[in-house]
Amino acid sequence: MDSGGLSFSNLTTKFETTMLRPTPEKTKTPSVPFKYRLVKAIDVAGLNFLTPVVRLCFGEEPRKQLKDIGLYIVIPILAMIFGVCGWFVVSEMVVTKSGKLPNPSETLAAAGSIWDFHVRENDKLSAFELTGAQRDARMAAVESRLKELEPLEEEINKEVTEEGKRAEERTQQRTAALEKKYDEVKKELDSAAEEREKALKAKSESIDKSDVDAKKAYIADVRKHRKALDVAKERLRDLKGRIKTLKDLKDDKLAAVLRKQTQIAEERQYLGKMKDQLTKTNRDLKVAGAKKKLDADLAAFYDAEPSKMYLAASKFVKGESRIEKLKSSEYAKPSTLPFQIKRSLLCVFVGFFIGTAIAIPLGIMCGLSKTVMAAMTPIVALFKPVSPIVWLPVCLIICSAMIPDPDKHFFTQWMWNLPILGKYQINPAFLASACTVALCSLWATMTNTALGVASVDEDHINVARVLRLGFWDRLFKIVLPSALPLVFAGLRISLGVGWMVLIAAELLSSSEGIGKYVWDQFNNGGSRSFANMVVVVFVVGIIGLILDRMMVVFQRLVSFDESPTAV
Amino acid sequence: MAFIKLKDVCFGFGPISNRYEVFENANLSVEENEFVAIIGFSGAGKSTLISLLAGLQKPDTGMVMMDGRPIEEPGPDKGIMFQNYSLLPWLSVAGNIELAVKQVFTEMQPNERRDYVQNYIDLVSLTGSEYKKPHELSGGMRQRLSLARTLAMKPEVLLLDEPLSALDALTRAVLQDEIIRIWEEDRRTVVMITNDVDEAVLMADRIVPLTPGPAASFGKSFPVTLERPRNRATLNFNPEFKKLRNEVTRYMLQINDEAKALSPAEDLSLPNLEPRMPGELPVKSPV
Amino acid sequence: MSIALRNVLSVALLIATSLCLSNVVQAQDKQLLDLEKDSLKFGFIKLTDCAPIVIAKEKGFFESEGLQVDVIAQPNWKTLLDNVITGELDGAHMLSGQPIAATIGFGTKAHVITAFTMDLNGNGITVSNAIWEAMQENDPALQSETPPHPITAASLKPIVQEKLDGGEKLQMGMVFPVSTHNYELRYWLAASDIHPGMYTKSDIGGRTDAQVELSVTPPPMMPATLEAGNIQGYCVGEPWNQAAVAKGIGVPVTTNFDIWKNNPEKVFGVTKSWSDENPNTHLAVIKALILAGKWLDETDEAGNLTNREEAARILSRSDYVGADFDVIKNSMTGFFYFQKSDKRAMPDFNVFFKHNCTYPWYSDGVWFLTQMRRWGQITEPKPASWYDEMAKEVYKPEIYLKAARMLVEEGLLAEGDIPWETDGYKAPTSDFIDGLTYDGKKPLEYLKAHEIGNKE
């Protein structure tokens, strides 16, 4: 797969060794053709599956490239298509009482509605802030859409009622045969039981009072009768269960209509709120209203009798400060998934950097000094296997204790007032999640750094000795660059672990983020929650993939030996 | 007085119970501006010798001296060119040289340094490859780079540890000429380790054989009196060259045989047994 | 306080139509308070009775008080309370027992107060299908599509006994040790002579002498836990009983309306220190919540709840309760499915304003205290005066009345909606499933009246 880099160096080797003339042993300065640079860039970016396409475009060994394209592009795509088909099939089969496994199209629809929610909340936010002509235009649009919706809503409501009735009929039709059968069987069994009972009663009269054997036989008969009753009951229960299953069957047509109704109702809800945001809760209008009031207060103050002047003046001053407050007020937007994704990413990077800041210095110390290594080994061995579930509460307690009142604490206040980070509301739960990520992810970096530092090539150390490099020069010019590929391999593992851990940590600490979103969806238990969760599976997977690729690129950039990175 | 002197040097590895003596009472002296080739079999302690000369290792007993002072630690005055190049793979050609230059000539200005580095790159004919990384270079180019780095430190003595042994014959020939060319510019003191008699004869002023280990020492030295510049193409027909080459080779083979004769017999005497199948009766071998 | 900045609301409405700021008619007096803090975070648990908070936000009641409120779902009651105490949240939708327990120091100790009762009723007890069938066998009256209510735990008793004989205990779920659900479930079981277990100093799980073991499960997890078979029944708020019916995994046998008619359910809790620091903000919040409650309970001439469908629609949003609209709609619009075939009208299943619901009654606090004592959460006997003092520590009708007074002055609330003259104790009532009488002023007598549990 990484033929790009290799073939490049091979080429120069060949070029050089086949030269018989001793001097000048040079390669042409601007020699590297565009193709090789492109292939190399693809290799560094870890997108090796594109290499055959590029080579094919340059007309290089078309057969081989086509074969590679088949192997690295067509087959994965086929596998994906196959997977999606399999998913469709499986999703129809996996039906539990808690719901059905959503199929790909339902999942896609769920992703759409998650996005809709995000867009609508942004709309509400912008509506809150809109002013003047823009607001009027927006208001007109909202009103006209509301008007459009009115007949639609009526129609769909009617449709739902009718479809509901029809669905009921359909259910009855479905179950009618079974119910009839149930009634028949019940009747039959009941009458059989009655007859047996009657026979038994009749028999009892014919038994002689002192005939013990006959009496014993009678008991056996009664036992038999009771058993038959139980069997009958079981059979009826089974039938009832089947009827119930049929009744519980989801009615697709009704569901479709209901979905449409929900859609319309949700849009109307949104438009209603938009209307509010554009009128009574609009910031600009509120400020304008307050200003008007302020003018009145000022006039009242000028007119005021000396005895009431103080009151009027303070009223005016208060009005002023109120306007300031209104001007800086903001719409409390609920967290949407895109926001939560961003916050999760921020959290994982904060945790990752905390972890790295601890792991790399410690790893270097371990690698440099056998004493430190000996001291650290048991600690690492002890803490490495600890699960995030255990770290989280510990971190949560520590972080909450350090920031007892986030609303007033200088640290959170400072964080909240930062220009970009401010909106992510860094709070103890966030920090606890980040610390959990750090604690779970630092080990890979640490051990890899220690290994990298400890296994610097003896020759490189000799070079350092010959050059009489001081400790720091030796560390930064020889040891660290030499350990860098291993360090980055460790960082890559760490980031992967961190991303996995974060979701769990957020879920438990209810720190706003993807983890909390999943937990909320699970708690919702609605018919769409399952599909939403599947969407998150893909979101988490794709982000994890991107993070991993990113680290691969870094790893490639620092790896001087051109060895391929594990995919 | 000799510029470099080994006096009664003993050196060994390992714990007392299982000690491997590399050198025993080794004595060597190299004059200033002399090009000495040390020739020896593999395992004779050639690389150890270079380490001792460079100060990377210290003798157990005896003295290693340079310019009349004992060698205490490695330093840029003892320019060493390692067998496997020891280039820093994360630095470019220029970067590798610059690291050394920066460390040795601390007062050099950046642009002055750049010219200086470029000078050495040109010297070893690596012009055009300044920004390549070592892994992008061929073996020969790497060795040139290693040479340039060593030279750039302006060492008082050049220690070459089998510099060309990892190269193919053609490249090797090219580099031999190159080293000589460069050396002849200022004729610095050189100690070169090699296992190739031809190379030694071609390049050195004096050839010193190393007796085979363990407990190696230096054998009798052969001065090379051939006129410089020595032409590789015509040298093969030079009777003096042939004679010297034969002498050295014969001497080397001879000390090797002596060493073998001296070393204890390591043959294990095996019992005289005949394989037999289980249950088979002993059969008398047909005599 | 009481700076009469007028008519922002009406101004805004007018602008909407005319976009003209002059000639504003001064329709009402909106008293905008001098807020100490105008952007707030409130927590809630995914239950329909969080409605007043959600509605106050979505219908703009908070905003018209000048508040911008974030409403954030919490994973469980413990985290919710912790977040309020640490200041992560400004206030939250709380179990009535939580402020009391926190104040007297059962569990996390912190002085938490409430000036607003969010709703009455709203809980149900659901059992698994298997238990329901067994109950039906024990009581032939239940073998109907629409069995007569109230259903007591009498038909459960033989099942419990059978399990005990087999060396097992029936497992049931409730949401929190000091939740209404815990006390209601215990009340229901004990009323039919089933011992739900005592809390002791060493047994904080409350299982000493238990015939039925109760365990804590967060409300949204209830149906899944029931389906998984870890518990055989649970007591929880809506929509989690209706969810069991919709998914066909359980049968609600009774609601807390049958256990105690119009019992207090959730409160809006804040810490005392928060309230002290932000008195005007607290008032503004209570004002908005009262209006939200009123909006939720609005009826037309025929007495039908008019706004509940819209409320259900809002609550079904995934960042609020998130359950399906159909499921939430049932109980919110005054109906309750006991089985798929058994839909009953329960107009008072959720009460958000009627019956002076929003007033923080001392007698409610005392009832919870008696239950805490009854089941041993309060380990020592206390004098009757202690109950009164504690209730007054937690319940703050003075704040409520102040907020209500402002609303009346603004013309948003009728004078008759609020019990101005009460001493904070409701009249004695015997609307319990076991027919006992509860008088908040006589807690010790009430304790004595019960068969099971501490009697003093």
# chains A, B, ... in the order shown; residues from 1 in each chain; ligands from 1
$ interface_residues --of "chain A" --to "chain C" --cutoff "7 Å" --atoms "only C-alpha atoms" --output "ChimeraX atom specification"
/A:97-98,279-281,285-286,289,293,315,331-332,334,404-407,510,523-527
$ residues_around --residues "segment 108-110 of chain A" --least-positions-apart "5" --cutoff "9 Å" --atoms "only C-alpha atoms" --output "mmCIF file with C-alpha atoms, in the first residue's frame"
data_model
loop_
_atom_site.group_PDB
_atom_site.id
_atom_site.type_symbol
_atom_site.label_atom_id
_atom_site.label_comp_id
_atom_site.auth_asym_id
_atom_site.auth_seq_id
_atom_site.Cartn_x
_atom_site.Cartn_y
_atom_site.Cartn_z
ATOM 1 C CA ASN A 103 -33.006 0.308 9.274
ATOM 2 C CA TRP A 115 -30.074 18.303 11.881
ATOM 3 C CA ARG A 528 -37.122 7.588 17.349
ATOM 4 C CA SER A 529 -34.559 7.317 20.131
ATOM 5 C CA ALA A 531 -32.517 5.528 15.400
ATOM 6 C CA ASN A 532 -30.929 8.591 16.981
ATOM 7 C CA VAL A 534 -27.584 4.543 15.694
ATOM 8 C CA VAL A 535 -26.832 7.920 14.155
#
$ interface_residues --of "chain B" --to "chain A" --cutoff "6 Å" --atoms "only C-alpha atoms" --output "list in words"
Pro74, Gly75, Pro76, Ser86, Pro89, Trp90, Gly128, Glu136, Ser138 and Val174 of chain B
$ write_last_selection --atoms "N, CA and C atoms" --output "PDB file, in the first residue's frame"
ATOM      1  N   PRO B  74      35.591  11.765  24.604  1.00  0.00           N
ATOM      2  CA  PRO B  74      35.445  12.011  23.175  1.00  0.00           C
ATOM      3  C   PRO B  74      35.269  13.503  22.922  1.00  0.00           C
ATOM      4  N   GLY B  75      35.549  13.925  21.749  1.00  0.00           N
ATOM      5  CA  GLY B  75      35.369  15.336  21.446  1.00  0.00           C
ATOM      6  C   GLY B  75      35.534  15.565  19.968  1.00  0.00           C
ATOM      7  N   PRO B  76      35.202  16.740  19.532  1.00  0.00           N
ATOM      8  CA  PRO B  76      35.245  17.024  18.103  1.00  0.00           C
ATOM      9  C   PRO B  76      36.673  17.069  17.539  1.00  0.00           C
ATOM     10  N   SER B  86      26.035   6.493  11.278  1.00  0.00           N
ATOM     11  CA  SER B  86      25.537   7.264  12.431  1.00  0.00           C
ATOM     12  C   SER B  86      25.012   8.633  12.055  1.00  0.00           C
ATOM     13  N   PRO B  89      18.713  10.495  11.372  1.00  0.00           N
ATOM     14  CA  PRO B  89      17.779  10.328  10.251  1.00  0.00           C
ATOM     15  C   PRO B  89      16.724  11.429  10.171  1.00  0.00           C
ATOM     16  N   TRP B  90      16.506  12.147  11.262  1.00  0.00           N
ATOM     17  CA  TRP B  90      15.459  13.182  11.208  1.00  0.00           C
ATOM     18  C   TRP B  90      16.010  14.518  10.713  1.00  0.00           C
ATOM     19  N   GLY B 128      23.181  19.689  -4.186  1.00  0.00           N
ATOM     20  CA  GLY B 128      21.858  19.349  -4.749  1.00  0.00           C
ATOM     21  C   GLY B 128      21.055  18.445  -3.844  1.00  0.00           C
ATOM     22  N   GLU B 136      16.848   9.016   2.135  1.00  0.00           N
ATOM     23  CA  GLU B 136      16.667   9.227   0.705  1.00  0.00           C
ATOM     24  C   GLU B 136      17.990   9.099  -0.052  1.00  0.00           C
ATOM     25  N   SER B 138      21.713   7.138  -1.039  1.00  0.00           N
ATOM     26  CA  SER B 138      22.269   5.796  -1.194  1.00  0.00           C
ATOM     27  C   SER B 138      23.367   5.610  -0.155  1.00  0.00           C
ATOM     28  N   VAL B 174      35.206   4.666  -5.857  1.00  0.00           N
ATOM     29  CA  VAL B 174      34.970   6.099  -6.020  1.00  0.00           C
ATOM     30  C   VAL B 174      35.286   6.831  -4.724  1.00  0.00           C
TER      31      VAL B 174
END
$ atom_distance --atom1 "atom CA of Cys235 of chain C" --atom2 "atom CA of Phe338 of chain C"
13.8 Å
$ select_by_dssp --residues "segment 66-229 of chain C" --states "strand (DSSP E)" --output "PyMOL selection string"
chain C and resi 68-73+91-95+112-117+123-128+170-174+212-216
$ residues_around --residues "Tyr116 of chain B" --least-positions-apart "6" --cutoff "10 Å" --atoms "only C-alpha atoms" --output "JSON, numbers by chain"
{"B": [97, 98, 101, 108, 110, 122, 152]}
$ write_last_selection --atoms "C-alpha atoms" --output "short mmCIF file (atom, residue, chain, number, x, y, z; two decimals), in the first residue's frame"
data_model
loop_
_atom_site.label_atom_id
_atom_site.label_comp_id
_atom_site.auth_asym_id
_atom_site.auth_seq_id
_atom_site.Cartn_x
_atom_site.Cartn_y
_atom_site.Cartn_z
CA ILE B 97 26.47 18.86 9.24
CA GLU B 98 25.06 22.00 10.80
CA VAL B 101 29.27 22.84 13.13
CA MET B 108 30.01 31.39 13.82
CA PRO B 110 24.31 31.99 10.76
CA ASP B 122 30.29 20.59 -2.13
CA ALA B 152 33.46 19.94 9.13
#
$ residues_around --residues "Asp205 of chain B" --least-positions-apart "3" --cutoff "6 Å" --atoms "only C-alpha atoms" --output "VMD selection string"
chain B and resid 35 to 36 224
$ residues_around --residues "segment 495-507 of chain A" --least-positions-apart "2" --cutoff "6 Å" --atoms "only C-alpha atoms" --output "list in words"
Ser433, Val437, Ser441, Arg492, Ile493, Ser509, Ser510, Ser511, Gly515, Lys516 and Trp519 of chain A
$ residues_around --residues "segment 150-165 of chain A" --least-positions-apart "6" --cutoff "8 Å" --atoms "only C-alpha atoms" --output "PyMOL selection string"
chain A and resi 253-254+257-258+260-261+264-265
$ write_last_selection --atoms "C-alpha atoms" --output "compact mmCIF listing (two decimals), in the first residue's frame"
# COMPACT_ATOMS: atom_id res chain seq x y z
CA LYS A 253 -49.81 3.01 7.34
CA LEU A 254 -50.89 4.51 10.62
CA VAL A 257 -49.51 9.18 8.90
CA LEU A 258 -48.54 9.72 12.52
CA LYS A 260 -46.31 13.10 9.07
CA GLN A 261 -48.54 14.55 11.75
CA ILE A 264 -46.26 19.13 10.88
CA ALA A 265 -46.95 19.60 14.55
$ atom_distance --atom1 "atom CA of Leu175 of chain B" --atom2 "atom CA of Arg144 of chain B"
7.7 Å
$ residues_around --residues "Ile179 of chain B" --least-positions-apart "6" --cutoff "12 Å" --atoms "only C-alpha atoms" --output "ChimeraX atom specification"
/B:35,81,123-125,143-148,150-151,158,160,163-164,172-173,185-188,190,192,199,202-204
$ atom_distance --atom1 "atom CA of Ala190 of chain C" --atom2 "atom CA of Gln232 of chain C"
17.4 Å
$ decode --residues "segment 359-449 of chain C" --atoms "C-alpha atoms" --output "CSV table (one decimal), in the first residue's frame"
chain,number,residue,atom,x,y,z
C,359,TYR,CA,-48.9,26.5,47.1
C,360,PRO,CA,-46.1,25.0,49.2
C,361,TRP,CA,-48.1,23.4,52.0
C,362,TYR,CA,-46.5,22.8,55.4
C,363,SER,CA,-48.8,19.8,55.8
C,364,ASP,CA,-47.2,18.2,52.7
C,365,GLY,CA,-43.8,18.5,54.3
C,366,VAL,CA,-45.0,17.0,57.5
C,367,TRP,CA,-46.5,14.1,55.6
C,368,PHE,CA,-43.2,13.3,54.1
C,369,LEU,CA,-41.5,13.6,57.4
C,370,THR,CA,-44.0,11.2,58.9
C,371,GLN,CA,-43.2,8.7,56.2
C,372,MET,CA,-39.4,9.2,56.7
C,373,ARG,CA,-40.0,8.4,60.4
C,374,ARG,CA,-42.4,5.6,59.7
C,375,TRP,CA,-39.8,3.7,57.6
C,376,GLY,CA,-36.9,4.5,59.8
C,377,GLN,CA,-35.1,7.1,57.6
C,378,ILE,CA,-35.4,9.4,60.6
C,379,THR,CA,-33.8,7.1,63.1
C,380,GLU,CA,-35.0,8.7,66.3
C,381,PRO,CA,-38.6,9.6,67.5
C,382,LYS,CA,-39.2,13.3,67.3
C,383,PRO,CA,-41.7,15.6,69.0
C,384,ALA,CA,-44.7,16.9,67.0
C,385,SER,CA,-43.2,20.5,67.2
C,386,TRP,CA,-40.1,19.2,65.3
C,387,TYR,CA,-42.2,18.2,62.4
C,388,ASP,CA,-43.7,21.7,62.2
C,389,GLU,CA,-40.3,23.4,62.5
C,390,MET,CA,-38.7,21.3,59.8
C,391,ALA,CA,-41.6,21.8,57.4
C,392,LYS,CA,-41.2,25.6,57.9
C,393,GLU,CA,-37.5,25.3,57.3
C,394,VAL,CA,-38.1,23.9,53.8
C,395,TYR,CA,-41.5,25.2,52.6
C,396,LYS,CA,-41.5,28.9,52.0
C,397,PRO,CA,-45.1,30.0,51.3
C,398,GLU,CA,-44.1,33.6,52.0
C,399,ILE,CA,-42.1,33.7,48.8
C,400,TYR,CA,-44.9,32.1,46.9
C,401,LEU,CA,-47.5,34.5,48.2
C,402,LYS,CA,-45.3,37.5,47.4
C,403,ALA,CA,-44.9,36.3,43.8
C,404,ALA,CA,-48.6,35.5,43.6
C,405,ARG,CA,-49.5,39.0,44.9
C,406,MET,CA,-47.4,40.5,42.1
C,407,LEU,CA,-49.2,38.4,39.5
C,408,VAL,CA,-52.6,39.5,40.9
C,409,GLU,CA,-51.5,43.1,40.7
C,410,GLU,CA,-50.4,42.6,37.1
C,411,GLY,CA,-53.8,41.2,36.4
C,412,LEU,CA,-52.4,37.8,35.4
C,413,LEU,CA,-53.9,35.9,38.3
C,414,ALA,CA,-57.3,36.0,39.9
C,415,GLU,CA,-57.5,36.9,43.6
C,416,GLY,CA,-59.4,33.7,44.3
C,417,ASP,CA,-56.8,31.4,42.8
C,418,ILE,CA,-54.6,31.7,45.9
C,419,PRO,CA,-55.2,30.6,49.5
C,420,TRP,CA,-54.1,33.9,51.0
C,421,GLU,CA,-55.3,33.3,54.5
C,422,THR,CA,-54.2,29.7,55.2
C,423,ASP,CA,-51.8,28.8,58.0
C,424,GLY,CA,-50.1,26.4,55.6
C,425,TYR,CA,-51.9,23.3,56.8
C,426,LYS,CA,-54.5,21.6,54.6
C,427,ALA,CA,-57.7,20.3,56.3
C,428,PRO,CA,-57.4,16.7,57.6
C,429,THR,CA,-58.2,14.2,54.9
C,430,SER,CA,-58.9,10.5,54.8
C,431,ASP,CA,-58.5,10.2,51.0
C,432,PHE,CA,-56.1,7.3,51.4
C,433,ILE,CA,-56.3,3.8,50.1
C,434,ASP,CA,-56.5,2.4,53.7
C,435,GLY,CA,-59.0,5.1,54.8
C,436,LEU,CA,-56.8,6.5,57.6
C,437,THR,CA,-57.1,10.2,58.4
C,438,TYR,CA,-54.1,12.5,58.1
C,439,ASP,CA,-53.9,15.7,59.9
C,440,GLY,CA,-50.7,17.6,59.4
C,441,LYS,CA,-50.9,19.1,62.8
C,442,LYS,CA,-51.0,15.8,64.5
C,443,PRO,CA,-48.1,13.8,63.0
C,444,LEU,CA,-47.6,11.5,66.0
C,445,GLU,CA,-51.2,10.3,66.0
C,446,TYR,CA,-50.9,9.6,62.3
C,447,LEU,CA,-47.8,7.5,62.9
C,448,LYS,CA,-49.5,5.5,65.6
C,449,ALA,CA,-52.4,4.7,63.3
